[in-house]
Amino acid sequence: MSNISAKLVKELREKTGAGMMECKKALQEVEGDIEKAIDFLRTRGLASAAKKAGRATNEGAIAEYISVDNKVGALIEVNCETDFVAMNENFTSFAKLLAEVVAKDNPADNAELMQLSVPNRDITIEELFGETVGKLGENIQVARFERIELLETGALSAYIHGGAKIGIMVQFKLGNQATADAEVFKIYARDVAMQIAAANPIAVRREDFDAAVVAREKEIYKTQAAESGKPEQIQEKMAEGRLNKFFKEQALVEQAYVKDMDISIDEYTKRVAKELGDTVAIEAFTRYDLGASA
């Protein structure tokens, strides 16, 4: 039965809270019988998902996916109600699958993501949400996601830390694409991602900082120096010294490498590049902290 009225779809939506397309599909499956359509949605978990949709989701997990060629990746934050579910294998696997779908199908937003197909199954992501909510018994929401695609020679690296509470994705520029498959590079790339998780830099290098942030820091340091009562020339040097210290702590390439505090990330990068016989540069990074999107 293909001729399903908008009024009937609206009625089913009001009764179940399921999406419009899912309601229409359910009604088509049962030839317009609304009670059977409700049962159909319940078996898919979509009705129970809608009932739980208003409940707070303060826990969750961050998941990542990187393509085989290391050129396309995604980070996603998926929220649930309790830490118990956040650590459940069904939930973490669900989050990882969503990251893969985002990377491969490039949805513009959550609404578009929900209408995409689940790999190797004849259902939508929205229907998969219903199934997962039915299994786990909690409200589940996608908080945010980001897809990254490298168009030039380079590679992506990702790292999930702290029980999936922190997610990192780093973009590297390389001279030779084959470098991405070298074990030395893979170890280095993971180390850089771990550095970002541990040291939480603001930007890759000092040139990348927002001018307003730098101006604000410099003004603070100038005020502090003025309070010393020392000559203006010395005050300027004091402020510049503190600003340089700020960059060494907050610019990724200037940070001390957490696994070897005697060298910086920039020095570590140059060492790896020399060993590989290639150019290696950190281009950008994305960091997700659970709950920080609010």
# chains A, B, ... in the order shown; residues from 1 in each chain; ligands from 1
call {"tool": "residues_around", "arguments": {"residues": "Phe84 in chain A", "least_positions_apart": "4", "cutoff": "12 Å", "atoms": "only C-alpha atoms", "output": "ChimeraX atom specification"}}
result
/A:58-61,80,88-92,136-138,163
call {"tool": "residues_around", "arguments": {"residues": "Asn79 in chain A", "least_positions_apart": "4", "cutoff": "10 Å", "atoms": "only C-alpha atoms", "output": "list in words"}}
result
Ala56, Thr57, Asn58, Glu59, Gly60, Ala61, Ile62, Asp83, Val85, Ala86, Phe91, Ala95, Glu138, Asn139, Ile140, Gln141, Val142, Ala143, Arg144, Leu290 and Gly291 of chain A
call {"tool": "write_last_selection", "arguments": {"atoms": "N, CA and C atoms", "output": "PDB file, in the first residue's frame"}}
result
ATOM      1  N   ALA A  56      17.869  13.173  30.058  1.00  0.00           N
ATOM      2  CA  ALA A  56      19.194  13.800  29.966  1.00  0.00           C
ATOM      3  C   ALA A  56      20.268  12.788  29.580  1.00  0.00           C
ATOM      4  N   THR A  57      21.184  13.243  28.734  1.00  0.00           N
ATOM      5  CA  THR A  57      22.285  12.394  28.281  1.00  0.00           C
ATOM      6  C   THR A  57      23.599  13.082  28.636  1.00  0.00           C
ATOM      7  N   ASN A  58      24.106  12.790  29.835  1.00  0.00           N
ATOM      8  CA  ASN A  58      25.319  13.449  30.321  1.00  0.00           C
ATOM      9  C   ASN A  58      26.556  12.569  30.251  1.00  0.00           C
ATOM     10  N   GLU A  59      26.379  11.323  29.847  1.00  0.00           N
ATOM     11  CA  GLU A  59      27.516  10.407  29.681  1.00  0.00           C
ATOM     12  C   GLU A  59      27.658  10.080  28.200  1.00  0.00           C
ATOM     13  N   GLY A  60      28.556   9.169  27.883  1.00  0.00           N
ATOM     14  CA  GLY A  60      28.696   8.793  26.481  1.00  0.00           C
ATOM     15  C   GLY A  60      30.105   8.381  26.126  1.00  0.00           C
ATOM     16  N   ALA A  61      30.381   8.421  24.838  1.00  0.00           N
ATOM     17  CA  ALA A  61      31.690   8.003  24.333  1.00  0.00           C
ATOM     18  C   ALA A  61      32.042   8.783  23.072  1.00  0.00           C
ATOM     19  N   ILE A  62      33.313   8.916  22.848  1.00  0.00           N
ATOM     20  CA  ILE A  62      33.825   9.506  21.618  1.00  0.00           C
ATOM     21  C   ILE A  62      34.456   8.388  20.812  1.00  0.00           C
ATOM     22  N   ASP A  83      27.096   6.143  32.857  1.00  0.00           N
ATOM     23  CA  ASP A  83      28.440   5.669  32.549  1.00  0.00           C
ATOM     24  C   ASP A  83      28.439   4.165  32.331  1.00  0.00           C
ATOM     25  N   VAL A  85      26.200   2.358  30.724  1.00  0.00           N
ATOM     26  CA  VAL A  85      25.909   2.116  29.311  1.00  0.00           C
ATOM     27  C   VAL A  85      27.042   2.627  28.435  1.00  0.00           C
ATOM     28  N   ALA A  86      27.647   3.755  28.819  1.00  0.00           N
ATOM     29  CA  ALA A  86      28.745   4.326  28.029  1.00  0.00           C
ATOM     30  C   ALA A  86      29.891   3.343  27.854  1.00  0.00           C
ATOM     31  N   PHE A  91      27.225  -0.254  23.045  1.00  0.00           N
ATOM     32  CA  PHE A  91      27.187   1.203  22.853  1.00  0.00           C
ATOM     33  C   PHE A  91      28.448   1.699  22.148  1.00  0.00           C
ATOM     34  N   ALA A  95      28.803   3.526  18.487  1.00  0.00           N
ATOM     35  CA  ALA A  95      29.464   4.814  18.256  1.00  0.00           C
ATOM     36  C   ALA A  95      30.522   4.691  17.159  1.00  0.00           C
ATOM     37  N   GLU A 138      18.266   3.201  27.300  1.00  0.00           N
ATOM     38  CA  GLU A 138      18.560   4.596  27.624  1.00  0.00           C
ATOM     39  C   GLU A 138      18.405   5.485  26.402  1.00  0.00           C
ATOM     40  N   ASN A 139      18.167   6.762  26.657  1.00  0.00           N
ATOM     41  CA  ASN A 139      18.166   7.748  25.585  1.00  0.00           C
ATOM     42  C   ASN A 139      19.583   7.873  25.027  1.00  0.00           C
ATOM     43  N   ILE A 140      19.705   7.928  23.714  1.00  0.00           N
ATOM     44  CA  ILE A 140      20.998   8.061  23.049  1.00  0.00           C
ATOM     45  C   ILE A 140      20.896   9.188  22.035  1.00  0.00           C
ATOM     46  N   GLN A 141      21.888  10.064  22.035  1.00  0.00           N
ATOM     47  CA  GLN A 141      21.892  11.203  21.121  1.00  0.00           C
ATOM     48  C   GLN A 141      23.289  11.404  20.536  1.00  0.00           C
ATOM     49  N   VAL A 142      23.356  11.871  19.294  1.00  0.00           N
ATOM     50  CA  VAL A 142      24.632  12.301  18.714  1.00  0.00           C
ATOM     51  C   VAL A 142      24.825  13.768  19.075  1.00  0.00           C
ATOM     52  N   ALA A 143      25.888  14.068  19.812  1.00  0.00           N
ATOM     53  CA  ALA A 143      26.143  15.448  20.238  1.00  0.00           C
ATOM     54  C   ALA A 143      26.792  16.262  19.123  1.00  0.00           C
ATOM     55  N   ARG A 144      27.727  15.647  18.405  1.00  0.00           N
ATOM     56  CA  ARG A 144      28.462  16.346  17.336  1.00  0.00           C
ATOM     57  C   ARG A 144      29.317  15.350  16.572  1.00  0.00           C
ATOM     58  N   LEU A 290      34.441  14.906  26.123  1.00  0.00           N
ATOM     59  CA  LEU A 290      33.037  14.538  26.330  1.00  0.00           C
ATOM     60  C   LEU A 290      32.300  15.635  27.075  1.00  0.00           C
ATOM     61  N   GLY A 291      31.190  16.074  26.507  1.00  0.00           N
ATOM     62  CA  GLY A 291      30.362  17.091  27.146  1.00  0.00           C
ATOM     63  C   GLY A 291      30.750  18.522  26.838  1.00  0.00           C
TER      64      GLY A 291
END
call {"tool": "residues_around", "arguments": {"residues": "Asn120 in chain A", "least_positions_apart": "3", "cutoff": "12 Å", "atoms": "only C-alpha atoms", "output": "VMD selection string"}}
result
chain A and resid 97 101 117 123 to 125
call {"tool": "write_last_selection", "arguments": {"atoms": "N, CA, C and O atoms", "output": "mmCIF file, in the first residue's frame"}}
result
data_model
loop_
_atom_site.group_PDB
_atom_site.id
_atom_site.type_symbol
_atom_site.label_atom_id
_atom_site.label_comp_id
_atom_site.auth_asym_id
_atom_site.auth_seq_id
_atom_site.Cartn_x
_atom_site.Cartn_y
_atom_site.Cartn_z
ATOM 1 N N LEU A 97 30.567 2.551 14.691
ATOM 2 C CA LEU A 97 29.887 2.392 13.407
ATOM 3 C C LEU A 97 29.408 3.742 12.888
ATOM 4 O O LEU A 97 29.517 4.033 11.694
ATOM 5 N N VAL A 101 30.242 5.628 9.305
ATOM 6 C CA VAL A 101 29.220 6.136 8.383
ATOM 7 C C VAL A 101 29.473 7.619 8.073
ATOM 8 O O VAL A 101 29.366 8.053 6.924
ATOM 9 N N SER A 117 21.979 4.774 5.257
ATOM 10 C CA SER A 117 21.836 3.324 5.432
ATOM 11 C C SER A 117 22.934 2.778 6.333
ATOM 12 O O SER A 117 24.073 3.246 6.322
ATOM 13 N N ILE A 123 18.485 -1.225 6.726
ATOM 14 C CA ILE A 123 17.802 -0.324 7.647
ATOM 15 C C ILE A 123 18.556 1.013 7.663
ATOM 16 O O ILE A 123 19.706 1.089 7.229
ATOM 17 N N THR A 124 17.889 2.043 8.177
ATOM 18 C CA THR A 124 18.521 3.352 8.287
ATOM 19 C C THR A 124 19.228 3.493 9.641
ATOM 20 O O THR A 124 19.003 2.696 10.557
ATOM 21 N N ILE A 125 20.042 4.545 9.748
ATOM 22 C CA ILE A 125 20.681 4.844 11.032
ATOM 23 C C ILE A 125 19.620 5.143 12.088
ATOM 24 O O ILE A 125 19.756 4.755 13.255
#
call {"tool": "select_by_dssp", "arguments": {"residues": "range 92-243 of chain A", "states": "strand (DSSP E or B)", "output": "list of chain:residue names"}}
result
A:Ser117, A:Thr124, A:Gln141, A:Val142, A:Ala143, A:Arg144, A:Phe145, A:Glu146, A:Arg147, A:Ile148, A:Glu149, A:Gly154, A:Ala155, A:Leu156, A:Ser157, A:Ala158, A:Tyr159, A:Ile160, A:His161, A:Ile166, A:Gly167, A:Ile168, A:Met169, A:Val170, A:Gln171, A:Phe172, A:Lys173, A:Leu174, A:Ala203
call {"tool": "residues_around", "arguments": {"residues": "range 148-150 of chain A", "least_positions_apart": "6", "cutoff": "7 Å", "atoms": "only C-alpha atoms", "output": "list in words"}}
result
Lys71, Val72, Gly73 and Ala74 of chain A
call {"tool": "write_last_selection", "arguments": {"atoms": "N, CA, C and O atoms", "output": "CSV table (one decimal), in the first residue's frame"}}
result
chain,number,residue,atom,x,y,z
A,71,LYS,N,43.4,8.9,4.6
A,71,LYS,CA,43.1,10.2,4.0
A,71,LYS,C,41.7,10.8,4.5
A,71,LYS,O,41.5,12.0,4.4
A,72,VAL,N,40.8,9.9,5.0
A,72,VAL,CA,39.5,10.3,5.4
A,72,VAL,C,39.3,9.8,6.8
A,72,VAL,O,39.5,8.6,7.1
A,73,GLY,N,38.8,10.7,7.7
A,73,GLY,CA,38.5,10.3,9.0
A,73,GLY,C,37.3,11.0,9.6
A,73,GLY,O,36.8,12.0,9.1
A,74,ALA,N,36.9,10.5,10.8
A,74,ALA,CA,35.8,11.2,11.5
A,74,ALA,C,35.9,11.0,13.0
A,74,ALA,O,36.4,9.9,13.5
call {"tool": "closest_residue", "arguments": {"among": "A:Glu146, A:Asp210, A:Glu127, A:Glu14", "to": "Asp109 in chain A", "atoms": "only C-alpha atoms"}}
result
A:Glu146
call {"tool": "residues_around", "arguments": {"residues": "Leu128 in chain A", "least_positions_apart": "2", "cutoff": "10 Å", "atoms": "only C-alpha atoms", "output": "list in words"}}
result
Arg44, Gly45, Leu46, Phe94, Met114, Ser117, Val118, Arg121, Ile123, Thr124, Ile125, Glu126, Gly130, Glu131, Thr132, Val133 and Gly134 of chain A
call {"tool": "write_last_selection", "arguments": {"atoms": "N, CA, C and O atoms", "output": "PDB file, in the first residue's frame"}}
result
ATOM      1  N   ARG A  44      11.012  -2.521  16.051  1.00  0.00           N
ATOM      2  CA  ARG A  44      12.255  -1.897  15.592  1.00  0.00           C
ATOM      3  C   ARG A  44      12.897  -1.037  16.679  1.00  0.00           C
ATOM      4  O   ARG A  44      13.992  -0.537  16.506  1.00  0.00           O
ATOM      5  N   GLY A  45      12.184  -0.848  17.800  1.00  0.00           N
ATOM      6  CA  GLY A  45      12.714  -0.042  18.893  1.00  0.00           C
ATOM      7  C   GLY A  45      12.485   1.438  18.747  1.00  0.00           C
ATOM      8  O   GLY A  45      12.870   2.219  19.609  1.00  0.00           O
ATOM      9  N   LEU A  46      11.851   1.872  17.660  1.00  0.00           N
ATOM     10  CA  LEU A  46      11.715   3.303  17.396  1.00  0.00           C
ATOM     11  C   LEU A  46      10.724   3.986  18.327  1.00  0.00           C
ATOM     12  O   LEU A  46      10.924   5.140  18.714  1.00  0.00           O
ATOM     13  N   PHE A  94      28.427   0.741  18.569  1.00  0.00           N
ATOM     14  CA  PHE A  94      27.456   1.593  17.876  1.00  0.00           C
ATOM     15  C   PHE A  94      28.087   2.940  17.526  1.00  0.00           C
ATOM     16  O   PHE A  94      27.964   3.441  16.403  1.00  0.00           O
ATOM     17  N   MET A 114      20.738  10.470  10.116  1.00  0.00           N
ATOM     18  CA  MET A 114      19.688   9.527  10.495  1.00  0.00           C
ATOM     19  C   MET A 114      19.067   8.817   9.297  1.00  0.00           C
ATOM     20  O   MET A 114      18.576   7.695   9.417  1.00  0.00           O
ATOM     21  N   SER A 117      21.979   4.774   5.257  1.00  0.00           N
ATOM     22  CA  SER A 117      21.836   3.324   5.432  1.00  0.00           C
ATOM     23  C   SER A 117      22.934   2.778   6.333  1.00  0.00           C
ATOM     24  O   SER A 117      24.073   3.246   6.322  1.00  0.00           O
ATOM     25  N   VAL A 118      22.582   1.759   7.100  1.00  0.00           N
ATOM     26  CA  VAL A 118      23.550   1.044   7.924  1.00  0.00           C
ATOM     27  C   VAL A 118      24.331   0.091   7.029  1.00  0.00           C
ATOM     28  O   VAL A 118      23.724  -0.648   6.241  1.00  0.00           O
ATOM     29  N   ARG A 121      23.224  -3.714   6.027  1.00  0.00           N
ATOM     30  CA  ARG A 121      21.892  -3.992   6.549  1.00  0.00           C
ATOM     31  C   ARG A 121      20.879  -3.129   5.818  1.00  0.00           C
ATOM     32  O   ARG A 121      21.180  -2.009   5.413  1.00  0.00           O
ATOM     33  N   ILE A 123      18.485  -1.225   6.726  1.00  0.00           N
ATOM     34  CA  ILE A 123      17.802  -0.324   7.647  1.00  0.00           C
ATOM     35  C   ILE A 123      18.556   1.013   7.663  1.00  0.00           C
ATOM     36  O   ILE A 123      19.706   1.089   7.229  1.00  0.00           O
ATOM     37  N   THR A 124      17.889   2.043   8.177  1.00  0.00           N
ATOM     38  CA  THR A 124      18.521   3.352   8.287  1.00  0.00           C
ATOM     39  C   THR A 124      19.228   3.493   9.641  1.00  0.00           C
ATOM     40  O   THR A 124      19.003   2.696  10.557  1.00  0.00           O
ATOM     41  N   ILE A 125      20.042   4.545   9.748  1.00  0.00           N
ATOM     42  CA  ILE A 125      20.681   4.844  11.032  1.00  0.00           C
ATOM     43  C   ILE A 125      19.620   5.143  12.088  1.00  0.00           C
ATOM     44  O   ILE A 125      19.756   4.755  13.255  1.00  0.00           O
ATOM     45  N   GLU A 126      18.535   5.792  11.695  1.00  0.00           N
ATOM     46  CA  GLU A 126      17.453   6.076  12.641  1.00  0.00           C
ATOM     47  C   GLU A 126      16.867   4.785  13.199  1.00  0.00           C
ATOM     48  O   GLU A 126      16.604   4.671  14.405  1.00  0.00           O
ATOM     49  N   GLY A 130      16.900   3.100  17.095  1.00  0.00           N
ATOM     50  CA  GLY A 130      15.781   2.465  17.787  1.00  0.00           C
ATOM     51  C   GLY A 130      16.160   1.114  18.361  1.00  0.00           C
ATOM     52  O   GLY A 130      15.846   0.807  19.515  1.00  0.00           O
ATOM     53  N   GLU A 131      16.849   0.326  17.580  1.00  0.00           N
ATOM     54  CA  GLU A 131      17.300  -0.995  18.045  1.00  0.00           C
ATOM     55  C   GLU A 131      18.221  -0.859  19.257  1.00  0.00           C
ATOM     56  O   GLU A 131      18.096  -1.587  20.244  1.00  0.00           O
ATOM     57  N   THR A 132      19.161   0.070  19.161  1.00  0.00           N
ATOM     58  CA  THR A 132      20.159   0.235  20.216  1.00  0.00           C
ATOM     59  C   THR A 132      19.535   0.745  21.504  1.00  0.00           C
ATOM     60  O   THR A 132      19.853   0.279  22.600  1.00  0.00           O
ATOM     61  N   VAL A 133      18.612   1.698  21.386  1.00  0.00           N
ATOM     62  CA  VAL A 133      17.884   2.189  22.558  1.00  0.00           C
ATOM     63  C   VAL A 133      17.084   1.053  23.183  1.00  0.00           C
ATOM     64  O   VAL A 133      17.026   0.902  24.409  1.00  0.00           O
ATOM     65  N   GLY A 134      16.480   0.219  22.337  1.00  0.00           N
ATOM     66  CA  GLY A 134      15.714  -0.916  22.838  1.00  0.00           C
ATOM     67  C   GLY A 134      16.577  -1.892  23.615  1.00  0.00           C
ATOM     68  O   GLY A 134      16.161  -2.427  24.652  1.00  0.00           O
TER      69      GLY A 134
END
call {"tool": "residues_around", "arguments": {"residues": "Met169 in chain A", "least_positions_apart": "3", "cutoff": "7 Å", "atoms": "only C-alpha atoms", "output": "PyMOL selection string"}}
result
chain A and resi 156-159+193+285-287
call {"tool": "closest_residue", "arguments": {"among": "A:Gly162, A:Pro201, A:Pro107, A:Gly241", "to": "Ala284 in chain A", "atoms": "only C-alpha atoms"}}
result
A:Pro201
call {"tool": "residues_around", "arguments": {"residues": "Glu35 in chain A", "least_positions_apart": "3", "cutoff": "12 Å", "atoms": "only C-alpha atoms", "output": "PDB file with N, CA, C and O atoms, in the first residue's frame"}}
result
ATOM      1  N   LEU A   8      -2.565  10.310   8.451  1.00  0.00           N
ATOM      2  CA  LEU A   8      -2.294   9.043   9.115  1.00  0.00           C
ATOM      3  C   LEU A   8      -0.855   9.012   9.633  1.00  0.00           C
ATOM      4  O   LEU A   8      -0.582   8.538  10.745  1.00  0.00           O
ATOM      5  N   GLU A  11      -0.671  11.147  12.735  1.00  0.00           N
ATOM      6  CA  GLU A  11      -1.269  10.474  13.891  1.00  0.00           C
ATOM      7  C   GLU A  11      -0.309   9.456  14.492  1.00  0.00           C
ATOM      8  O   GLU A  11      -0.169   9.363  15.718  1.00  0.00           O
ATOM      9  N   LEU A  12       0.362   8.702  13.614  1.00  0.00           N
ATOM     10  CA  LEU A  12       1.311   7.694  14.096  1.00  0.00           C
ATOM     11  C   LEU A  12       2.509   8.365  14.775  1.00  0.00           C
ATOM     12  O   LEU A  12       2.999   7.879  15.799  1.00  0.00           O
ATOM     13  N   LYS A  15       1.572   9.366  18.248  1.00  0.00           N
ATOM     14  CA  LYS A  15       1.425   8.213  19.152  1.00  0.00           C
ATOM     15  C   LYS A  15       2.769   7.607  19.540  1.00  0.00           C
ATOM     16  O   LYS A  15       2.914   7.067  20.636  1.00  0.00           O
ATOM     17  N   THR A  16       3.750   7.657  18.640  1.00  0.00           N
ATOM     18  CA  THR A  16       5.018   6.949  18.873  1.00  0.00           C
ATOM     19  C   THR A  16       6.229   7.858  19.022  1.00  0.00           C
ATOM     20  O   THR A  16       7.226   7.481  19.633  1.00  0.00           O
ATOM     21  N   CYS A  23       7.536   6.430  10.163  1.00  0.00           N
ATOM     22  CA  CYS A  23       6.095   6.214  10.329  1.00  0.00           C
ATOM     23  C   CYS A  23       5.445   5.849   9.000  1.00  0.00           C
ATOM     24  O   CYS A  23       4.603   4.937   8.925  1.00  0.00           O
ATOM     25  N   ALA A  26       6.386   2.316   8.112  1.00  0.00           N
ATOM     26  CA  ALA A  26       5.673   1.351   8.953  1.00  0.00           C
ATOM     27  C   ALA A  26       4.237   1.173   8.469  1.00  0.00           C
ATOM     28  O   ALA A  26       3.723   0.043   8.376  1.00  0.00           O
ATOM     29  N   LEU A  27       3.572   2.265   8.133  1.00  0.00           N
ATOM     30  CA  LEU A  27       2.193   2.202   7.640  1.00  0.00           C
ATOM     31  C   LEU A  27       2.108   1.478   6.300  1.00  0.00           C
ATOM     32  O   LEU A  27       1.142   0.732   6.040  1.00  0.00           O
ATOM     33  N   VAL A  30       2.245  -2.324   6.863  1.00  0.00           N
ATOM     34  CA  VAL A  30       1.051  -2.972   7.438  1.00  0.00           C
ATOM     35  C   VAL A  30      -0.234  -2.486   6.773  1.00  0.00           C
ATOM     36  O   VAL A  30      -1.316  -2.594   7.345  1.00  0.00           O
ATOM     37  N   GLU A  31      -0.104  -1.935   5.560  1.00  0.00           N
ATOM     38  CA  GLU A  31      -1.249  -1.515   4.743  1.00  0.00           C
ATOM     39  C   GLU A  31      -2.160  -0.528   5.469  1.00  0.00           C
ATOM     40  O   GLU A  31      -3.395  -0.632   5.408  1.00  0.00           O
ATOM     41  N   GLY A  32      -1.558   0.424   6.189  1.00  0.00           N
ATOM     42  CA  GLY A  32      -2.316   1.525   6.778  1.00  0.00           C
ATOM     43  C   GLY A  32      -2.968   1.251   8.115  1.00  0.00           C
ATOM     44  O   GLY A  32      -3.671   2.118   8.649  1.00  0.00           O
ATOM     45  N   ILE A  38       2.120   0.680  14.973  1.00  0.00           N
ATOM     46  CA  ILE A  38       2.728   0.927  16.282  1.00  0.00           C
ATOM     47  C   ILE A  38       3.545  -0.275  16.720  1.00  0.00           C
ATOM     48  O   ILE A  38       4.685  -0.154  17.185  1.00  0.00           O
ATOM     49  N   ASP A  39       2.972  -1.475  16.541  1.00  0.00           N
ATOM     50  CA  ASP A  39       3.697  -2.702  16.890  1.00  0.00           C
ATOM     51  C   ASP A  39       4.952  -2.861  16.037  1.00  0.00           C
ATOM     52  O   ASP A  39       6.007  -3.289  16.526  1.00  0.00           O
ATOM     53  N   PHE A  40       4.816  -2.500  14.756  1.00  0.00           N
ATOM     54  CA  PHE A  40       5.965  -2.586  13.841  1.00  0.00           C
ATOM     55  C   PHE A  40       7.106  -1.696  14.340  1.00  0.00           C
ATOM     56  O   PHE A  40       8.267  -2.106  14.394  1.00  0.00           O
ATOM     57  N   LEU A  41       6.773  -0.472  14.729  1.00  0.00           N
ATOM     58  CA  LEU A  41       7.790   0.454  15.218  1.00  0.00           C
ATOM     59  C   LEU A  41       8.377  -0.014  16.547  1.00  0.00           C
ATOM     60  O   LEU A  41       9.572   0.151  16.807  1.00  0.00           O
ATOM     61  N   ARG A  42       7.525  -0.605  17.373  1.00  0.00           N
ATOM     62  CA  ARG A  42       8.013  -1.103  18.658  1.00  0.00           C
ATOM     63  C   ARG A  42       9.016  -2.230  18.465  1.00  0.00           C
ATOM     64  O   ARG A  42      10.010  -2.311  19.178  1.00  0.00           O
TER      65      ARG A  42
END
call {"tool": "closest_residue", "arguments": {"among": "A:Ala164, A:Leu98, A:Ala211, A:Val170", "to": "Arg190 in chain A", "atoms": "only C-alpha atoms"}}
result
A:Val170
call {"tool": "closest_atom_pairs", "arguments": {"of": "range 155-190 of chain A", "to": "range 267-274 of chain A", "cutoff": "10 Å", "atoms": "only C-alpha atoms", "output": "Markdown table"}}
result
| residue | atom | partner | partner_atom | distance |
| --- | --- | --- | --- | --- |
| A:Leu174 | CA | A:Ala273 | CA | 9.3 |
| A:Gly175 | CA | A:Ala273 | CA | 9.8 |
| A:Thr179 | CA | A:Ala273 | CA | 9.6 |
| A:Val184 | CA | A:Val272 | CA | 7.3 |
| A:Phe185 | CA | A:Val272 | CA | 7.2 |
| A:Ile187 | CA | A:Val272 | CA | 9.9 |
| A:Tyr188 | CA | A:Val272 | CA | 7.3 |
| A:Ala189 | CA | A:Thr269 | CA | 9.4 |
